[in-house]
Amino acid sequence: MESHDTSTVRARPEPLRAVPVRHPGRWVAVAVLAVLVAMFVHLLVTNDAFNWSFMVDKMFRPPIIEGLLRGTVLMTVSAMLIGVTLGVVVAVMRLSDNPILRGVAWLYTWFFRAVPRLVLLAVFGNIGILWSRIEFGVPFDTQLGQLFGIDNLQLRLFGFSSRDILTGFMAGLLGLALSEAAYMAEIVRAGIQSVDEGQTEAAQALGMSRGQLLRRVVLPQAMRVIIPPTGNETIAMLKDTSLLLYVPVSVELFFQLDAVGKRTFQIFPMYVAACLWYLFLTSILLVGQYFLERHFGKGYGPAGRARLRLRAMTAETGGGGGSSGTVGPT
């Protein structure tokens, strides 16, 4: 029998043509957004209610700049410094083993987070009603004198009128700072609890005290978690300084802009000027927050972990890259 080799040659398939997926909805959305932006720009240019020349002329006057620096910026920085410092203390109290400290810290955060800041500012603005004078000395001196039959016993060292110290600025500072401390306490507490317990155990094995453990190990690592919400709180504090209008604090940006608008019957341009000033200040804070997050985020993420591994390998081979056994982010 003759055998015939039958070979079948398969036809080569045609190359695939990749057709991009069309997204007509995206183009419709872009067109709608373009129309809305054009309408908004047209509103800004053609509507005389903005009164741009008047706005630019008034928003850079010396009283406005003084309100910007002495009122808004100074109040924001002062309130945040007090709020962050007190917030760290309250957060440590919340994490304490002492039930009394935990209870006091919880009551503090409960109260100041529950009461709106506008209400707090109104209360602190009128707190001078409680005391005409603020004096320091032996507490309950009058009551103790009555208990022992001594009339008008006064064991006061010194004092001053409440009007001299509880000014509008101080009242606003107390209201904003004490409220901010309650929020910062929760932020710091969450940051501290985010640190791995192994870091704490390693630091304790090295003989660190509780204070050293908190300063050198826990807080530096917790800053990566603390910084983003703290940046948001700083921006919120900057905007909440406008509430000082109701204390009132005359040396404040929004108070001055509002006064110019009411005096000249050009209220809307001055409100737009306030928006522009707050946009400018918030943009500066956002830039600062970005660099802080990048600084405290070193060692985290793929690039950071690669740098730490390279540093550890260099140390193991005798290089000067640091010790792989150091307590820190892993």
# chains A, B, ... in the order shown; residues from 1 in each chain; ligands from 1

call {"tool": "residues_around", "arguments": {"residues": "stretch 201-205 of chain A", "least_positions_apart": "5", "cutoff": "9 Å", "atoms": "only C-alpha atoms", "output": "mmCIF file with N, CA and C atoms, in the first residue's frame"}}
result
data_model
loop_
_atom_site.group_PDB
_atom_site.id
_atom_site.type_symbol
_atom_site.label_atom_id
_atom_site.label_comp_id
_atom_site.auth_asym_id
_atom_site.auth_seq_id
_atom_site.Cartn_x
_atom_site.Cartn_y
_atom_site.Cartn_z
ATOM 1 N N ARG A 210 8.411 56.130 80.131
ATOM 2 C CA ARG A 210 7.170 56.361 79.387
ATOM 3 C C ARG A 210 7.240 57.667 78.596
ATOM 4 N N GLN A 212 10.044 59.157 77.432
ATOM 5 C CA GLN A 212 10.958 58.947 76.306
ATOM 6 C C GLN A 212 10.305 58.103 75.227
ATOM 7 N N LEU A 213 9.556 57.100 75.654
ATOM 8 C CA LEU A 213 8.851 56.253 74.691
ATOM 9 C C LEU A 213 7.874 57.074 73.854
ATOM 10 N N VAL A 217 9.619 57.526 70.169
ATOM 11 C CA VAL A 217 9.194 56.354 69.389
ATOM 12 C C VAL A 217 7.767 56.516 68.864
ATOM 13 N N VAL A 327 14.845 51.182 66.583
ATOM 14 C CA VAL A 327 13.416 51.225 66.769
ATOM 15 C C VAL A 327 12.858 52.321 65.884
#

call {"tool": "residues_around", "arguments": {"residues": "A:Gly128", "least_positions_apart": "3", "cutoff": "7 Å", "atoms": "only C-alpha atoms", "output": "MDAnalysis selection string"}}
result
chainID A and resid 131:132 162:163 166

call {"tool": "closest_residue", "arguments": {"among": "A:Trp277, A:Phe296, A:Phe140, A:Phe268", "to": "A:Val225", "atoms": "only C-alpha atoms"}}
result
A:Phe296

call {"tool": "residues_around", "arguments": {"residues": "A:Arg215", "least_positions_apart": "5", "cutoff": "12 Å", "atoms": "only C-alpha atoms", "output": "ChimeraX atom specification"}}
result
/A:88,92,192,200,203,208-210,220-223

call {"tool": "write_last_selection", "arguments": {"atoms": "all heavy atoms", "output": "PDB file, in the first residue's frame"}}
result
ATOM      1  N   VAL A  88      -2.778  67.048  72.825  1.00  0.00           N
ATOM      2  CA  VAL A  88      -1.842  65.963  73.132  1.00  0.00           C
ATOM      3  C   VAL A  88      -1.992  65.533  74.581  1.00  0.00           C
ATOM      4  O   VAL A  88      -2.004  64.335  74.904  1.00  0.00           O
ATOM      5  CB  VAL A  88      -0.402  66.404  72.827  1.00  0.00           C
ATOM      6  CG1 VAL A  88       0.595  65.366  73.319  1.00  0.00           C
ATOM      7  CG2 VAL A  88      -0.215  66.640  71.335  1.00  0.00           C
ATOM      8  N   VAL A  92      -3.248  61.821  75.828  1.00  0.00           N
ATOM      9  CA  VAL A  92      -2.485  60.967  76.748  1.00  0.00           C
ATOM     10  C   VAL A  92      -3.345  60.603  77.964  1.00  0.00           C
ATOM     11  O   VAL A  92      -3.288  59.468  78.462  1.00  0.00           O
ATOM     12  CB  VAL A  92      -1.191  61.689  77.172  1.00  0.00           C
ATOM     13  CG1 VAL A  92      -0.458  60.883  78.245  1.00  0.00           C
ATOM     14  CG2 VAL A  92      -0.280  61.884  75.963  1.00  0.00           C
ATOM     15  N   ILE A 192      -1.652  57.725  67.941  1.00  0.00           N
ATOM     16  CA  ILE A 192      -0.871  56.926  68.886  1.00  0.00           C
ATOM     17  C   ILE A 192      -1.269  55.460  68.811  1.00  0.00           C
ATOM     18  O   ILE A 192      -0.417  54.557  68.824  1.00  0.00           O
ATOM     19  CB  ILE A 192      -1.055  57.478  70.311  1.00  0.00           C
ATOM     20  CG1 ILE A 192      -0.401  58.855  70.438  1.00  0.00           C
ATOM     21  CG2 ILE A 192      -0.475  56.521  71.344  1.00  0.00           C
ATOM     22  CD1 ILE A 192      -0.630  59.526  71.774  1.00  0.00           C
ATOM     23  N   THR A 200       6.506  49.734  70.875  1.00  0.00           N
ATOM     24  CA  THR A 200       6.479  50.068  72.301  1.00  0.00           C
ATOM     25  C   THR A 200       7.231  49.035  73.126  1.00  0.00           C
ATOM     26  O   THR A 200       8.008  49.376  74.024  1.00  0.00           O
ATOM     27  CB  THR A 200       5.027  50.164  72.785  1.00  0.00           C
ATOM     28  OG1 THR A 200       4.327  51.127  71.985  1.00  0.00           O
ATOM     29  CG2 THR A 200       4.962  50.570  74.241  1.00  0.00           C
ATOM     30  N   ALA A 203      10.980  49.480  72.646  1.00  0.00           N
ATOM     31  CA  ALA A 203      11.499  50.641  73.361  1.00  0.00           C
ATOM     32  C   ALA A 203      11.566  50.374  74.862  1.00  0.00           C
ATOM     33  O   ALA A 203      12.520  50.777  75.533  1.00  0.00           O
ATOM     34  CB  ALA A 203      10.619  51.860  73.073  1.00  0.00           C
ATOM     35  N   MET A 208      13.638  52.520  78.020  1.00  0.00           N
ATOM     36  CA  MET A 208      13.097  53.870  77.895  1.00  0.00           C
ATOM     37  C   MET A 208      11.970  54.076  78.897  1.00  0.00           C
ATOM     38  O   MET A 208      11.184  53.175  79.162  1.00  0.00           O
ATOM     39  CB  MET A 208      12.568  54.106  76.476  1.00  0.00           C
ATOM     40  CG  MET A 208      13.627  54.260  75.426  1.00  0.00           C
ATOM     41  SD  MET A 208      12.909  54.759  73.829  1.00  0.00           S
ATOM     42  CE  MET A 208      14.398  54.872  72.826  1.00  0.00           C
ATOM     43  N   SER A 209      11.918  55.302  79.417  1.00  0.00           N
ATOM     44  CA  SER A 209      10.804  55.662  80.289  1.00  0.00           C
ATOM     45  C   SER A 209       9.563  55.918  79.440  1.00  0.00           C
ATOM     46  O   SER A 209       9.627  55.978  78.209  1.00  0.00           O
ATOM     47  CB  SER A 209      11.149  56.895  81.117  1.00  0.00           C
ATOM     48  OG  SER A 209      11.331  58.026  80.270  1.00  0.00           O
ATOM     49  N   ARG A 210       8.411  56.130  80.131  1.00  0.00           N
ATOM     50  CA  ARG A 210       7.170  56.361  79.387  1.00  0.00           C
ATOM     51  C   ARG A 210       7.240  57.667  78.596  1.00  0.00           C
ATOM     52  O   ARG A 210       6.757  57.733  77.465  1.00  0.00           O
ATOM     53  CB  ARG A 210       5.988  56.392  80.363  1.00  0.00           C
ATOM     54  CG  ARG A 210       4.636  56.459  79.677  1.00  0.00           C
ATOM     55  CD  ARG A 210       3.503  56.353  80.683  1.00  0.00           C
ATOM     56  NE  ARG A 210       2.206  56.443  80.036  1.00  0.00           N
ATOM     57  CZ  ARG A 210       1.576  55.433  79.481  1.00  0.00           C
ATOM     58  NH1 ARG A 210       2.132  54.223  79.504  1.00  0.00           N
ATOM     59  NH2 ARG A 210       0.386  55.582  78.915  1.00  0.00           N
ATOM     60  N   PRO A 220       6.784  60.313  66.871  1.00  0.00           N
ATOM     61  CA  PRO A 220       7.348  60.451  65.512  1.00  0.00           C
ATOM     62  C   PRO A 220       6.690  59.548  64.481  1.00  0.00           C
ATOM     63  O   PRO A 220       6.529  59.946  63.322  1.00  0.00           O
ATOM     64  CB  PRO A 220       8.832  60.095  65.712  1.00  0.00           C
ATOM     65  CG  PRO A 220       9.105  60.440  67.144  1.00  0.00           C
ATOM     66  CD  PRO A 220       7.848  60.090  67.871  1.00  0.00           C
ATOM     67  N   GLN A 221       6.320  58.329  64.883  1.00  0.00           N
ATOM     68  CA  GLN A 221       5.653  57.436  63.936  1.00  0.00           C
ATOM     69  C   GLN A 221       4.173  57.781  63.780  1.00  0.00           C
ATOM     70  O   GLN A 221       3.601  57.594  62.702  1.00  0.00           O
ATOM     71  CB  GLN A 221       5.790  55.991  64.413  1.00  0.00           C
ATOM     72  CG  GLN A 221       7.228  55.494  64.446  1.00  0.00           C
ATOM     73  CD  GLN A 221       7.311  54.037  64.850  1.00  0.00           C
ATOM     74  OE1 GLN A 221       6.899  53.165  64.101  1.00  0.00           O
ATOM     75  NE2 GLN A 221       7.843  53.779  66.036  1.00  0.00           N
ATOM     76  N   ALA A 222       3.573  58.280  64.857  1.00  0.00           N
ATOM     77  CA  ALA A 222       2.157  58.640  64.778  1.00  0.00           C
ATOM     78  C   ALA A 222       1.932  59.894  63.937  1.00  0.00           C
ATOM     79  O   ALA A 222       0.809  60.126  63.473  1.00  0.00           O
ATOM     80  CB  ALA A 222       1.605  58.858  66.184  1.00  0.00           C
ATOM     81  N   MET A 223       2.965  60.703  63.733  1.00  0.00           N
ATOM     82  CA  MET A 223       2.805  61.942  62.979  1.00  0.00           C
ATOM     83  C   MET A 223       2.325  61.685  61.557  1.00  0.00           C
ATOM     84  O   MET A 223       1.625  62.521  60.977  1.00  0.00           O
ATOM     85  CB  MET A 223       4.120  62.712  62.951  1.00  0.00           C
ATOM     86  CG  MET A 223       4.524  63.291  64.288  1.00  0.00           C
ATOM     87  SD  MET A 223       3.323  64.472  64.926  1.00  0.00           S
ATOM     88  CE  MET A 223       3.568  65.819  63.802  1.00  0.00           C
TER      89      MET A 223
END
